[in-house]
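Chemist: My structure is stored as final18.txt, with compact mmCIF, C-alpha atoms.
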# COMPACT_ATOMS: atom_id res chain seq x y z
CA MET T 1433 17.15 12.43 18.52
CA ASP T 1434 15.11 9.23 18.59
CA LEU T 1435 11.79 10.10 16.95
CA ARG T 1436 10.62 6.52 16.46
CA THR T 1437 6.97 5.63 17.02
CA THR T 1438 4.72 2.61 16.49
CA TYR T 1439 1.47 3.06 14.59
CA LEU T 1440 -0.88 0.21 13.61
CA GLY T 1441 1.94 -2.18 14.45
CA LEU T 1442 4.26 -0.43 11.99
CA GLU T 1443 7.63 0.81 13.26
CA LEU T 1444 8.04 4.34 11.91
CA ALA T 1445 11.05 6.65 11.93
CA HIS T 1446 8.85 9.46 13.29
CA PRO T 1447 5.12 10.23 13.48
CA LEU T 1448 4.70 12.66 10.57
CA MET T 1449 3.12 11.63 7.27
CA PRO T 1450 0.85 13.01 4.55
CA GLY T 1451 -2.82 12.21 5.15
CA ALA T 1452 -5.27 10.82 2.61
CA SER T 1453 -5.49 13.30 -0.27
CA PRO T 1454 -4.66 13.74 -3.98
CA LEU T 1455 -1.07 14.51 -2.92
CA VAL T 1456 0.02 10.97 -3.77
CA ASP T 1457 -1.82 10.45 -7.07
CA ASP T 1458 1.44 11.16 -8.88
CA LEU T 1459 4.45 8.92 -8.18
CA ASP T 1460 6.93 11.76 -8.61
CA GLN T 1461 5.10 13.72 -5.93
CA THR T 1462 5.00 10.63 -3.72
CA ARG T 1463 8.78 10.25 -4.04
CA ARG T 1464 9.19 13.92 -3.17
CA LEU T 1465 7.16 13.34 -0.01
CA GLU T 1466 9.35 10.37 0.90
CA ASP T 1467 12.47 12.44 0.21
CA ALA T 1468 11.04 15.15 2.48
CA GLY T 1469 10.90 12.60 5.28
CA ALA T 1470 7.38 11.11 5.21
CA ALA T 1471 7.30 8.24 7.72
CA ALA T 1472 4.54 6.55 5.71
CA ILE T 1473 2.40 7.27 2.68
CA VAL T 1474 -1.38 7.41 3.12
CA LEU T 1475 -3.24 7.04 -0.16
CA HIS T 1476 -6.52 8.75 -1.01
CA SER T 1477 -9.70 6.72 -0.60
CA LEU T 1478 -11.30 4.19 -2.87
CA PHE T 1479 -15.01 4.93 -2.47
CA GLU T 1480 -17.80 2.40 -2.12
CA GLU T 1481 -19.64 4.36 -4.84
CA GLN T 1482 -16.79 3.80 -7.29
CA VAL T 1483 -16.90 0.05 -6.81
CA VAL T 1484 -20.68 -0.13 -7.01
CA ALA T 1485 -20.75 2.10 -10.09
CA GLU T 1486 -18.34 -0.17 -11.90
CA GLU T 1487 -20.12 -3.34 -10.88
CA LEU T 1488 -23.53 -2.07 -12.01
CA GLY T 1489 -22.38 -0.42 -15.21
CA ALA T 1490 -23.50 2.95 -13.89
CA LEU T 1491 -21.93 4.89 -16.72
CA ALA T 1492 -24.25 3.32 -19.32
CA ARG T 1493 -27.32 4.04 -17.22
CA TRP T 1494 -26.10 7.57 -16.63
CA GLU T 1495 -25.94 8.27 -20.34
CA ARG T 1496 -29.51 6.97 -20.77
CA THR T 1497 -31.03 8.98 -17.91
CA ALA T 1498 -28.81 12.02 -17.47
CA ASP T 1499 -31.52 14.37 -18.74
CA ALA T 1500 -34.43 12.71 -17.00
CA PHE T 1501 -33.88 14.09 -13.51
CA PRO T 1502 -31.73 17.22 -13.69
CA GLU T 1503 -32.01 17.86 -9.95
CA ALA T 1504 -30.10 14.61 -9.35
CA LEU T 1505 -27.00 16.28 -10.75
CA SER T 1506 -26.65 18.08 -7.44
CA TYR T 1507 -26.40 14.85 -5.49
CA MET T 1508 -24.88 12.13 -7.67
CA PRO T 1509 -21.38 12.67 -9.08
CA HIS T 1510 -20.79 11.65 -12.64
CA PRO T 1511 -18.93 8.32 -12.57
CA LEU T 1512 -16.05 9.85 -14.49
CA SER T 1513 -15.49 12.48 -11.78
CA PHE T 1514 -13.39 10.01 -9.80
CA PRO T 1515 -9.70 10.13 -10.71
CA MET T 1516 -9.51 6.35 -11.22
CA GLY T 1517 -11.60 3.22 -10.97
CA PRO T 1518 -11.14 0.30 -8.58
CA ASP T 1519 -8.60 -1.44 -10.84
CA GLY T 1520 -6.66 1.78 -11.19
CA TYR T 1521 -6.62 2.15 -7.41
CA LEU T 1522 -5.13 -1.31 -6.94
CA GLU T 1523 -2.51 -0.44 -9.52
CA LEU T 1524 -1.76 2.77 -7.60
CA VAL T 1525 -1.19 0.71 -4.44
CA ARG T 1526 1.20 -1.62 -6.32
CA ARG T 1527 3.14 1.19 -7.98
CA THR T 1528 3.39 3.24 -4.78
CA LYS T 1529 4.65 0.22 -2.84
CA GLU T 1530 7.30 -0.36 -5.49
CA ALA T 1531 8.29 3.33 -5.57
CA VAL T 1532 8.89 3.98 -1.87
CA ALA T 1533 10.62 2.24 1.03
CA VAL T 1534 8.26 3.51 3.75
CA PRO T 1535 4.97 1.80 4.67
CA VAL T 1536 1.97 2.40 2.40
CA ILE T 1537 -1.45 2.85 4.03
CA ALA T 1538 -4.38 2.45 1.65
CA SER T 1539 -7.85 3.87 2.32
CA LEU T 1540 -11.40 2.61 1.84
CA ASN T 1541 -14.40 4.91 2.18
CA GLY T 1542 -17.88 3.45 2.57
CA VAL T 1543 -20.92 3.21 4.81
CA THR T 1544 -22.67 -0.08 4.03
CA PRO T 1545 -21.37 -3.65 4.39
CA GLY T 1546 -21.40 -5.19 0.92
CA GLY T 1547 -19.34 -6.62 -1.90
CA TRP T 1548 -17.18 -3.52 -2.14
CA VAL T 1549 -15.34 -4.56 1.02
CA ASP T 1550 -13.74 -7.40 -0.96
CA HIS T 1551 -11.38 -4.73 -2.23
CA ALA T 1552 -9.75 -4.77 1.20
CA ARG T 1553 -8.41 -8.23 0.35
CA TRP T 1554 -7.20 -7.09 -3.06
CA ILE T 1555 -5.57 -4.01 -1.52
CA GLU T 1556 -3.68 -6.33 0.79
CA GLU T 1557 -2.61 -8.48 -2.17
CA ALA T 1558 -1.47 -5.32 -3.98
CA GLY T 1559 1.05 -4.74 -1.18
CA ALA T 1560 -0.45 -2.23 1.26
CA ASP T 1561 0.92 -2.36 4.80
CA ALA T 1562 -2.24 -1.10 6.54
CA LEU T 1563 -5.71 0.20 5.77
CA GLU T 1564 -7.52 3.36 6.80
CA LEU T 1565 -11.30 2.87 6.87
CA ASN T 1566 -13.23 6.10 6.39
CA THR T 1567 -16.95 5.87 7.21
CA TYR T 1568 -17.89 9.43 6.27
CA PHE T 1569 -21.63 9.61 6.98
CA LEU T 1570 -23.95 12.42 8.04
CA ALA T 1571 -26.97 11.21 10.02
CA THR T 1572 -30.04 13.04 8.69
CA ASP T 1573 -32.79 10.45 9.20
CA LEU T 1574 -35.21 11.46 11.96
CA ASP T 1575 -35.97 7.80 12.65
CA GLU T 1576 -32.37 6.59 12.95
CA PRO T 1577 -31.11 6.53 16.57
CA GLY T 1578 -27.50 7.00 17.60
CA GLU T 1579 -27.03 3.28 18.24
CA ALA T 1580 -27.94 2.55 14.62
CA VAL T 1581 -25.40 5.10 13.41
CA GLU T 1582 -22.69 3.41 15.48
CA ARG T 1583 -23.84 -0.04 14.37
CA ARG T 1584 -23.45 1.04 10.74
CA THR T 1585 -19.74 1.67 11.26
CA LEU T 1586 -19.26 -1.46 13.38
CA ASP T 1587 -20.87 -3.59 10.66
CA VAL T 1588 -18.65 -2.09 7.97
CA LEU T 1589 -15.59 -2.66 10.16
CA ALA T 1590 -16.60 -6.29 10.74
CA ALA T 1591 -16.98 -6.87 7.00
CA VAL T 1592 -13.63 -5.29 6.20
CA ARG T 1593 -11.96 -7.09 9.12
CA ALA T 1594 -13.21 -10.41 7.70
CA ALA T 1595 -11.80 -9.57 4.27
CA THR T 1596 -8.21 -8.69 5.22
CA ARG T 1597 -5.46 -9.32 7.74
CA LEU T 1598 -4.15 -5.78 7.39
CA PRO T 1599 -4.20 -3.57 10.50
CA ILE T 1600 -7.17 -1.20 10.22
CA ALA T 1601 -7.47 2.38 11.47
CA VAL T 1602 -11.02 3.77 11.50
CA LYS T 1603 -11.18 7.45 10.61
CA LEU T 1604 -13.94 9.03 12.70
CA SER T 1605 -15.94 12.21 12.89
CA PRO T 1606 -16.18 13.99 16.27
CA PHE T 1607 -19.99 13.81 16.35
CA TYR T 1608 -20.64 10.67 18.38
CA SER T 1609 -22.50 11.14 21.65
CA ALA T 1610 -20.21 8.81 23.64
CA LEU T 1611 -17.00 8.73 21.64
CA PRO T 1612 -14.76 6.88 24.16
CA HIS T 1613 -17.27 4.03 24.51
CA PHE T 1614 -17.68 3.82 20.74
CA VAL T 1615 -13.91 3.71 20.22
CA ARG T 1616 -13.68 0.87 22.71
CA ARG T 1617 -16.32 -1.00 20.68
CA LEU T 1618 -14.30 -0.39 17.52
CA GLN T 1619 -11.18 -1.82 19.15
CA ALA T 1620 -13.17 -4.87 20.30
CA GLY T 1621 -14.41 -5.22 16.71
CA GLY T 1622 -10.90 -5.47 15.33
CA ALA T 1623 -9.70 -1.90 14.80
CA ALA T 1624 -5.98 -1.45 15.45
CA GLY T 1625 -6.38 2.32 15.68
CA VAL T 1626 -8.54 5.37 15.11
CA VAL T 1627 -7.81 8.62 13.27
CA LEU T 1628 -9.19 11.83 14.79
CA PHE T 1629 -10.90 13.42 12.90
CA ASN T 1630 -12.59 13.40 9.55
CA ARG T 1631 -13.63 16.86 8.35
CA PHE T 1632 -17.25 17.30 7.27
CA TYR T 1633 -17.30 19.79 4.42
CA GLN T 1634 -20.04 22.32 5.03
CA PRO T 1635 -22.34 23.60 2.28
CA GLU T 1636 -22.40 27.25 1.31
CA VAL T 1637 -25.76 28.90 0.67
CA ASP T 1638 -26.13 31.58 -2.00
CA PRO T 1639 -29.29 33.45 -0.94
CA ASP T 1640 -29.56 35.40 -4.22
CA ALA T 1641 -29.08 32.50 -6.61
CA LEU T 1642 -31.03 30.15 -4.31
CA GLU T 1643 -28.29 27.58 -4.69
CA VAL T 1644 -26.29 25.39 -2.36
CA GLY T 1645 -22.66 25.39 -3.32
CA ARG T 1646 -19.69 23.22 -2.49
CA ALA T 1647 -16.32 24.66 -1.60
CA LEU T 1648 -13.25 22.84 -0.36
CA ARG T 1649 -11.71 24.85 2.45
CA LEU T 1650 -8.34 23.78 3.73
CA SER T 1651 -7.82 23.42 7.45
CA ASP T 1652 -6.07 25.90 9.69
CA PRO T 1653 -4.34 25.40 13.09
CA SER T 1654 -7.48 26.44 14.99
CA GLU T 1655 -8.99 23.05 14.12
CA LEU T 1656 -6.30 21.21 16.06
CA ASN T 1657 -7.71 21.88 19.53
CA LEU T 1658 -10.69 19.59 19.01
CA ARG T 1659 -8.29 16.77 18.09
CA LEU T 1660 -6.08 17.46 21.10
CA ARG T 1661 -9.00 17.20 23.52
CA TRP T 1662 -10.08 13.78 22.27
CA LEU T 1663 -6.56 12.47 21.88
CA ALA T 1664 -5.97 13.36 25.55
CA ILE T 1665 -9.22 11.68 26.60
CA LEU T 1666 -8.48 8.43 24.74
CA SER T 1667 -4.73 8.19 25.24
CA GLY T 1668 -3.55 5.50 27.63
CA ARG T 1669 -7.03 4.15 28.34
CA LEU T 1670 -7.27 1.55 25.55
CA PRO T 1671 -4.00 -0.42 25.60
CA GLY T 1672 -2.74 -1.40 22.17
CA LEU T 1673 -4.89 1.10 20.28
CA SER T 1674 -3.03 3.45 17.93
CA LEU T 1675 -4.13 7.08 17.76
CA GLY T 1676 -3.73 9.15 14.63
CA CYS T 1677 -4.22 12.92 14.47
CA SER T 1678 -5.60 14.49 11.29
CA GLY T 1679 -6.70 18.10 10.86
CA GLY T 1680 -5.09 21.38 11.84
CA VAL T 1681 -1.44 20.23 11.88
CA HIS T 1682 0.53 22.89 10.02
CA GLY T 1683 3.92 23.01 11.75
CA PRO T 1684 6.25 21.36 14.26
CA LEU T 1685 4.60 22.84 17.35
CA ASP T 1686 1.25 21.41 16.23
CA ALA T 1687 2.93 18.01 15.96
CA VAL T 1688 4.41 18.42 19.46
CA LYS T 1689 0.95 19.12 20.89
CA ALA T 1690 -0.58 16.12 19.10
CA VAL T 1691 2.11 13.74 20.40
CA MET T 1692 1.91 15.22 23.91
CA THR T 1693 -1.80 14.44 24.05
CA GLY T 1694 -1.27 10.88 22.81
CA ALA T 1695 -0.93 10.71 19.03
CA HIS T 1696 1.21 7.91 17.58
CA ALA T 1697 0.90 9.31 14.05
CA VAL T 1698 0.38 12.88 12.87
CA GLN T 1699 -1.04 13.49 9.41
CA MET T 1700 -0.61 16.67 7.36
CA VAL T 1701 -2.59 17.61 4.25
CA SER T 1702 -3.59 21.27 4.01
CA ALA T 1703 -0.11 22.58 4.86
CA LEU T 1704 1.40 20.32 2.18
CA LEU T 1705 -1.18 21.37 -0.41
CA ARG T 1706 -0.36 25.02 0.32
CA HIS T 1707 3.42 24.80 0.67
CA GLY T 1708 4.55 21.52 -0.88
CA PRO T 1709 6.50 18.57 0.54
CA GLU T 1710 9.19 20.81 2.01
CA ARG T 1711 6.76 21.76 4.79
CA LEU T 1712 6.88 18.14 5.95
CA ARG T 1713 10.66 18.24 6.17
CA GLU T 1714 10.44 21.45 8.21
CA ALA T 1715 7.95 19.83 10.59
CA VAL T 1716 10.17 16.79 11.18
CA ARG T 1717 13.24 18.95 11.79
CA GLY T 1718 11.29 21.31 14.03
CA LEU T 1719 9.92 18.43 16.10
CA ALA T 1720 13.44 17.05 16.64
CA ALA T 1721 14.80 20.50 17.50
CA TRP T 1722 12.01 21.14 20.03
CA LEU T 1723 12.76 17.86 21.81
CA GLU T 1724 16.52 18.45 21.83
CA GLU T 1725 16.17 21.96 23.21
CA ARG T 1726 14.19 20.59 26.14
CA GLU T 1727 16.56 17.66 26.67
CA TYR T 1728 14.19 14.86 25.76
CA GLU T 1729 15.98 11.68 24.75
CA SER T 1730 13.17 10.26 22.62
CA LEU T 1731 9.73 10.96 21.25
CA ARG T 1732 8.29 8.23 23.46
CA GLN T 1733 9.07 10.33 26.54
CA LEU T 1734 6.78 13.01 25.12
CA GLN T 1735 4.04 10.70 23.89
CA GLY T 1736 0.92 11.00 26.03
CA SER T 1737 2.68 13.13 28.65
CA MET T 1738 -0.32 15.50 28.76
CA ASP T 1739 -3.18 13.05 28.40
CA LEU T 1740 -6.01 12.81 30.90
CA THR T 1741 -4.75 9.60 32.51
CA ARG T 1742 -2.51 11.99 34.44
CA CYS T 1743 -5.66 13.53 35.94
CA PRO T 1744 -7.42 11.60 38.74
CA ASP T 1745 -10.91 12.73 37.65
CA PRO T 1746 -11.02 13.79 33.96
CA ARG T 1747 -14.72 14.67 34.14
CA ALA T 1748 -14.11 17.09 36.98
CA TYR T 1749 -11.14 18.52 35.07
CA GLU T 1750 -13.32 19.19 32.03
CA ARG T 1751 -16.10 20.74 34.14
CA ALA T 1752 -13.61 23.01 35.93
CA ASN T 1753 -12.13 24.17 32.64
CA TYR T 1754 -15.61 24.79 31.25
CA ALA T 1755 -16.63 26.92 34.23
CA HIS T 1756 -13.32 28.80 34.22
CA LEU T 1757 -13.52 29.62 30.51
CA LEU T 1758 -17.04 30.96 30.83
CA GLN T 1759 -15.79 33.46 33.41
CA SER T 1760 -12.51 34.32 31.66
CA TRP T 1761 -13.70 36.96 29.17
CA ARG T 1762 -13.10 40.50 30.34
Turn the structure described in the file into structure tokens.

Modeler:
Amino acid sequence: MDLRTTYLGLELAHPLMPGASPLVDDLDQTRRLEDAGAAAIVLHSLFEEQVVAEELGALARWERTADAFPEALSYMPHPLSFPMGPDGYLELVRRTKEAVAVPVIASLNGVTPGGWVDHARWIEEAGADALELNTYFLATDLDEPGEAVERRTLDVLAAVRAATRLPIAVKLSPFYSALPHFVRRLQAGGAAGVVLFNRFYQPEVDPDALEVGRALRLSDPSELNLRLRWLAILSGRLPGLSLGCSGGVHGPLDAVKAVMTGAHAVQMVSALLRHGPERLREAVRGLAAWLEEREYESLRQLQGSMDLTRCPDPRAYERANYAHLLQSWR
């Protein structure tokens, strides 16, 4: 079965890969993922805050002021809480590239255009094949309009685009008011692809202790449907733009659905954290088996076969589904 796909200009053996996570901090684990069939390796993010902290000598200032404002401990991570600094990240890119034969996709995470974007150039020099740009940002300012929120990401993309020749995929949240228009602006600004979607981690409130806690909850397959809707809406309407799916992919049928609605790459994280690299191998084999059983000759026949370009009026389609669902409960 021909499972080949093209993502960010990279020719991949199939669409399945680990997403950005601590899964690839250890080279032995990275090799296990490659052995399990990973089509590419996506590294965890280098954060803007890490770069800025190193440049400003934040650790020294932290030691001087750590006791001055105890409430700040809830908001500002200790500099040492990051697994590695910027230099260590570049070394991770180099070592990963040397260790595996598949493409290596590095990741930058930041929300302001500044000197930290220079690391995009150094990531390229370290050997990365592509770059995932994560602009994780929660708009809480009452005075900041939606256009300013979009402009923030566009400005960061422009700065990173100027710093590197690597193909860039922008990892988005689903909370933009006009997502298709914004994605078109990202493509015009130099993005080779988008990844749908980033997961905002929600706070947990302890009403007795009067504390706000943080808890990392892994995804489950119910989260996939949101990705499928927007993949279907975007697929086929922006020629040349790669679509990545991230969130809720736990098995081969999830991968089938993502590709059907337009995904060129399908990222897995939570399932691999729970079950190990072998789950990736099972997903690749299951995807191939599903296609063979239904007499497909290649993955490309499946790709985008259920996107909304097949519908003459997608807005009417969505409205009809909405009305139908509201009346469907008995």

Chemist: Quick one, how far is CA of Thr1585 in chain T from CA of Thr1544 in chain T?

Modeler: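 Separating CA of Thr1585 in chain T from CA of Thr1544 in chain T is a distance of 8.0 Å.
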
Chemist: Name the residues in contact with Leu1663 in chain T at a cut-off of 8 Å, using all atoms listed in the file, excluding same-chain residues fewer than 6 positions from it; report them as a list in words.

Modeler: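 My list of contacting residues is Leu1628, Leu1675, Cys1677, Ala1690, Thr1693, Gly1694, Ala1695 and Asp1739 of chain T.
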
Chemist: As an mmCIF file with C-alpha atoms, in the coordinates of the input, please: the residues near range 1614-1619 of chain T (cut-off 10 Å, all atoms listed in the file, same-chain neighbours under 2 positions excluded).

Modeler:
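Contents of result-v5.cif, freshly written:
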data_model
loop_
_atom_site.group_PDB
_atom_site.id
_atom_site.type_symbol
_atom_site.label_atom_id
_atom_site.label_comp_id
_atom_site.auth_asym_id
_atom_site.auth_seq_id
_atom_site.Cartn_x
_atom_site.Cartn_y
_atom_site.Cartn_z
ATOM 1 C CA GLU T 1579 -27.030 3.280 18.240
ATOM 2 C CA GLU T 1582 -22.690 3.410 15.480
ATOM 3 C CA ARG T 1583 -23.840 -0.040 14.370
ATOM 4 C CA THR T 1585 -19.740 1.670 11.260
ATOM 5 C CA LEU T 1586 -19.260 -1.460 13.380
ATOM 6 C CA LEU T 1589 -15.590 -2.660 10.160
ATOM 7 C CA ALA T 1590 -16.600 -6.290 10.740
ATOM 8 C CA ILE T 1600 -7.170 -1.200 10.220
ATOM 9 C CA ALA T 1601 -7.470 2.380 11.470
ATOM 10 C CA VAL T 1602 -11.020 3.770 11.500
ATOM 11 C CA LEU T 1604 -13.940 9.030 12.700
ATOM 12 C CA TYR T 1608 -20.640 10.670 18.380
ATOM 13 C CA SER T 1609 -22.500 11.140 21.650
ATOM 14 C CA ALA T 1610 -20.210 8.810 23.640
ATOM 15 C CA LEU T 1611 -17.000 8.730 21.640
ATOM 16 C CA PRO T 1612 -14.760 6.880 24.160
ATOM 17 C CA GLY T 1621 -14.410 -5.220 16.710
ATOM 18 C CA GLY T 1622 -10.900 -5.470 15.330
ATOM 19 C CA ALA T 1623 -9.700 -1.900 14.800
ATOM 20 C CA ALA T 1624 -5.980 -1.450 15.450
ATOM 21 C CA GLY T 1625 -6.380 2.320 15.680
ATOM 22 C CA VAL T 1626 -8.540 5.370 15.110
ATOM 23 C CA LEU T 1666 -8.480 8.430 24.740
ATOM 24 C CA ARG T 1669 -7.030 4.150 28.340
ATOM 25 C CA LEU T 1670 -7.270 1.550 25.550
ATOM 26 C CA PRO T 1671 -4.000 -0.420 25.600
ATOM 27 C CA GLY T 1672 -2.740 -1.400 22.170
ATOM 28 C CA LEU T 1673 -4.890 1.100 20.280
ATOM 29 C CA SER T 1674 -3.030 3.450 17.930
#

Chemist: Which residues of range 1573-1671 of chain T come within 7 Å of range 1740-1762 of chain T, and for each one, what is the closest pair of atoms and their distance in Å to one decimal, counting all atoms listed in the file, sorted by chain and residue number, as a Markdown table?

Modeler:
| residue | atom | partner | partner_atom | distance |
| --- | --- | --- | --- | --- |
| T:Ala1664 | CA | T:Leu1740 | CA | 5.4 |
| T:Ile1665 | CA | T:Leu1740 | CA | 5.5 |
| T:Gly1668 | CA | T:Thr1741 | CA | 6.5 |

Chemist: Go through T:Arg1597, T:Arg1584, T:Lys1529, T:His1707 one by one, measure the shortest atom-to-atom distance of each to Arg1553 in chain T using only C-alpha atoms, and give the residue with the smallest value.

Modeler: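 The shortest atom-to-atom distance to Arg1553 in chain T comes from T:Arg1597.
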
Chemist: So the first atom is CA of Arg1711 in chain T and the second is CA of Met1516 in chain T; what is the distance between them in Å, to one decimal place?

Modeler: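 Here the two named atoms are 27.5 Å from each other.
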
Chemist: List as a CSV table (one decimal) with C-alpha atoms, in the coordinates of the input the residues having at least one atom at most 10 Å from position (-6.9, 27.7, 7.5) as given in the file, counting only C-alpha atoms.

Modeler:
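To be explicit, this is the file written out as part.csv:
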chain,number,residue,atom,x,y,z
T,1649,ARG,CA,-11.7,24.8,2.4
T,1650,LEU,CA,-8.3,23.8,3.7
T,1651,SER,CA,-7.8,23.4,7.4
T,1652,ASP,CA,-6.1,25.9,9.7
T,1653,PRO,CA,-4.3,25.4,13.1
T,1654,SER,CA,-7.5,26.4,15.0
T,1655,GLU,CA,-9.0,23.0,14.1
T,1680,GLY,CA,-5.1,21.4,11.8
T,1682,HIS,CA,0.5,22.9,10.0
T,1702,SER,CA,-3.6,21.3,4.0
T,1703,ALA,CA,-0.1,22.6,4.9

Chemist: Pick the closest to Val1484 in chain T from T:Leu1455, T:Gly1547, T:Ala1720, T:Ala1558: which is it, counting all atoms listed in the file?

Modeler: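 The shortest atom-to-atom distance to Val1484 in chain T comes from T:Gly1547.
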
Chemist: Work out how far CA of Arg1463 in chain T is from CA of Glu1724 in chain T, in Å to one decimal.

Modeler: 28.2 Å

Chemist: Using only C-alpha atoms for the distances, tell me which of T:Leu1704, T:Val1483, T:Leu1478, T:Pro1635 is nearest to Leu1565 in chain T.

Modeler: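 Distance minimum relative to Leu1565 in chain T lands on T:Leu1478.
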
Chemist: From (8.5, 7.7, 11.3), in the file's coordinates, out to 6 Å: which residues are reached, counting only C-alpha atoms? Answer as a ChimeraX atom specification.

Modeler: /T:1436,1444-1447,1471

Chemist: What lies within 12 Å of Val1698 in chain T using all atoms listed in the file, ignoring chain neighbours under 2 positions off, as a ChimeraX atom specification?

Modeler: /T:1437-1439,1444,1446-1452,1470-1474,1626-1629,1656,1659-1660,1663,1674-1696,1700-1701,1712,1715-1716,1719,1735

Chemist: Using all atoms listed in the file, can you tell me which of T:Leu1734, T:Leu1524, T:Leu1574, T:Ala1620 comes closest to His1476 in chain T?

Modeler: T:Leu1524

Chemist: Please list as number ranges by chain every residue within 10 Å of Leu1723 in chain T, counting only C-alpha atoms and excluding residues in the same chain fewer than 4 positions away.

Modeler: T: 1433-1435, 1688, 1718-1719, 1727-1731, 1733-1734

Chemist: Keeping C-alpha atoms, export the residues of the selection given above as an mmCIF file, keeping the file's coordinate frame.

Modeler:
data_model
loop_
_atom_site.group_PDB
_atom_site.id
_atom_site.type_symbol
_atom_site.label_atom_id
_atom_site.label_comp_id
_atom_site.auth_asym_id
_atom_site.auth_seq_id
_atom_site.Cartn_x
_atom_site.Cartn_y
_atom_site.Cartn_z
ATOM 1 C CA MET T 1433 17.150 12.430 18.520
ATOM 2 C CA ASP T 1434 15.110 9.230 18.590
ATOM 3 C CA LEU T 1435 11.790 10.100 16.950
ATOM 4 C CA VAL T 1688 4.410 18.420 19.460
ATOM 5 C CA GLY T 1718 11.290 21.310 14.030
ATOM 6 C CA LEU T 1719 9.920 18.430 16.100
ATOM 7 C CA GLU T 1727 16.560 17.660 26.670
ATOM 8 C CA TYR T 1728 14.190 14.860 25.760
ATOM 9 C CA GLU T 1729 15.980 11.680 24.750
ATOM 10 C CA SER T 1730 13.170 10.260 22.620
ATOM 11 C CA LEU T 1731 9.730 10.960 21.250
ATOM 12 C CA GLN T 1733 9.070 10.330 26.540
ATOM 13 C CA LEU T 1734 6.780 13.010 25.120
#

Chemist: Nearest to Ile1537 in chain T: which of T:Leu1563, T:Leu1648, T:Ala1594, T:Ile1555 is it, counting only C-alpha atoms?

Modeler: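 Answer, going by the shortest atom-to-atom distance: T:Leu1563.
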